[in-house]
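To start, the structure under review is shown below, and the notes come after it.
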Amino acid sequence: MMHHHLKKPTFMPANDLQALPNSRVLLGESPLWHPQEQALYWIDIAGLAVHRFDPVSKNHRSWSVPSEPGCIAWCADGGLLVAMRAGISILDTEKGSLHPVVDAPYDPARIRFNDGRCDAAGRLWVGTLSDDRSLALGALYCLERGVIKKVGNPVTVSNGLAFSLDGRTLYHADTTAHRISAFTFDQGSGGLGEGRLFRQFSDIKDDQYGGRPDGASVDSENAYWCAMYEGGKLLRLSPDGSTLDEVPLPARCPTMPAFGGRDLRTLYVTTVRNKRPGEELRDLPLSGCVLSLRVDVPGITEHPYRA
């Protein structure tokens with residue numbers, strides 16, 4: 001039985017678990033392996049920044065952005081798509097300039113973009129969250145060639161957006177509800193069909209509490225890797241929602257896994273230190289860092305946004 005509250009950082013040398021150098025941020029999210037650049041990008045939501053790390057040169061760069069970034073995607077035409085509270089822009093990573101794509105399609109005083117990713121057709125699927133976590137004001141949006149539309153699917157905190165290998169299932173989590181749903185998906189039209197419960201987690205915060213589902217990624221065997229926020233672990237789930245594997249982490253609040261490296265067998269995980277209790281940060285000093293570990297089953301290449 002694994003302990004849900006890790007008192008000390010647990011290093012598993014077999015997995016080569018380590019933190020990327022100088023990677024500590026306030027609220028790490030949306031790790032993204034850029035297949036052409038062979039580099040890792042991620043964001044700091046609270047710190048209003050986009051970061052980039054080249055694992056070969058160990059070069060680390062960052063760019064500040066004007067409002068909280070929720071997720072990023074690489075662009076087929078170059079640059080990085082950044083979904084921020086104020087709207088979606090393309091970051092020119094050479095010049096550091098931002099080029100607006102669409103304004104926020106909601107009231108940015110109460111709502112912001114959060115987790116998202118691109119499908120095989122180059123559309124960005126991105127969810128929103130409500131600053132007031134008691135209200136289900138979040139929803140799912142689709143940005144297709146510069147046009148954004150609301151798809152519906154009300155949630156409180158949108159997360160865990162991923163696609164099955166055949167592109168026929170769209171996964172979507174509501175972190176606050178401790179629930180992951182799976183929807184039938186038509187890649188050709190971008191149409192979202194019937195939803196079903198993929199996995200419901202307990203929201204009872206006792207000593208058995210395993211956390212709530214945050215960001216996710218699907219691997220090359222069609223398993224769904226999910227970061228369990230406040231659970232200090234990753235779960236690898238089969239397409240029927242059952243647990244295949246559990247990886248404890250030296251941070252209580254992992255936010256999202258992403259596969260990278262030349263063989264796509266390095267799993268990068270963003271974590272949080274912002275607003276976490278002092279005792280937790282003392283016990284788990286890697287909180288806020290990007291963690292990396294080696295896995296047996298490779299991931300898949302992230303699709304780019306196509307303008």
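A note on labels: chains of the structure tokens are A, B, ... as shown, every chain counts residues from 1, and ligands are counted from 1 in their shown order.
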Need the shell around Ser67 in chain A: protein/DNA/RNA residues with any atom at most 7 Å away, counting only C-alpha atoms. Skip same-chain ones fewer than 3 positions apart. Format as a ChimeraX atom specification? /A:48,84-86
Would you mind listing what lies within 8 Å of Phe185 in chain A as a list in words, with only C-alpha atoms counted and same-chain residues fewer than 6 positions away left out?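 So, after excluding close chain neighbours, the residues are Gly167, Arg168, Thr169, Leu170, Gly191, Leu192 and Gly193 of chain A.
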Output N, CA and C atoms of each residue in that selection to a file, as a short mmCIF file (atom, residue, chain, number, x, y, z; two decimals), in the first residue's frame.
data_model
loop_
_atom_site.label_atom_id
_atom_site.label_comp_id
_atom_site.auth_asym_id
_atom_site.auth_seq_id
_atom_site.Cartn_x
_atom_site.Cartn_y
_atom_site.Cartn_z
N GLY A 167 -7.88 8.76 -32.03
CA GLY A 167 -8.53 10.06 -32.20
C GLY A 167 -10.04 10.02 -32.05
N ARG A 168 -10.57 8.92 -31.55
CA ARG A 168 -12.04 8.81 -31.44
C ARG A 168 -12.56 9.11 -30.05
N THR A 169 -11.65 9.38 -29.11
CA THR A 169 -12.06 9.71 -27.74
C THR A 169 -11.35 10.98 -27.30
N LEU A 170 -12.12 11.92 -26.73
CA LEU A 170 -11.56 13.11 -26.11
C LEU A 170 -11.77 12.97 -24.61
N GLY A 191 -16.28 17.26 -34.18
CA GLY A 191 -17.53 17.13 -33.42
C GLY A 191 -17.35 16.30 -32.16
N LEU A 192 -17.97 16.81 -31.07
CA LEU A 192 -17.92 16.12 -29.79
C LEU A 192 -19.25 15.42 -29.57
N GLY A 193 -19.20 14.12 -29.26
CA GLY A 193 -20.44 13.36 -29.09
C GLY A 193 -20.75 13.06 -27.65
#
Extract the full set of strand (DSSP E or B) residues from range 136-192 of chain A according to DSSP on the backbone, and format it as a PyMOL selection string. chain A and resi 138-144+147-155+157-163+169-174+179-186+191-192
Would you pick out the contacts of range 212-221 of chain A at 8 Å or less, using only C-alpha atoms, so that residues sharing its chain but fewer than 2 positions from it are not included, and give the list as JSON, numbers by chain? {"A": [30, 115, 159, 160, 161, 162, 163, 164, 165, 173, 174, 175, 176, 178, 179, 180, 201, 203, 210, 223, 224, 225, 226, 227, 228, 229, 230, 231, 254, 255, 256, 257, 258, 259, 297, 298, 299, 300]}
Please provide as a PyMOL selection string all residues within 12 Å of Asp77 in chain A, with the sequence filter that same-chain residues fewer than 2 positions apart are discarded (counting only C-alpha atoms). chain A and resi 36+73-75+79-81+90-92+122+304-307
A straight line from CA of Leu129 in chain A to CA of Phe113 in chain A spans 6.5 Å
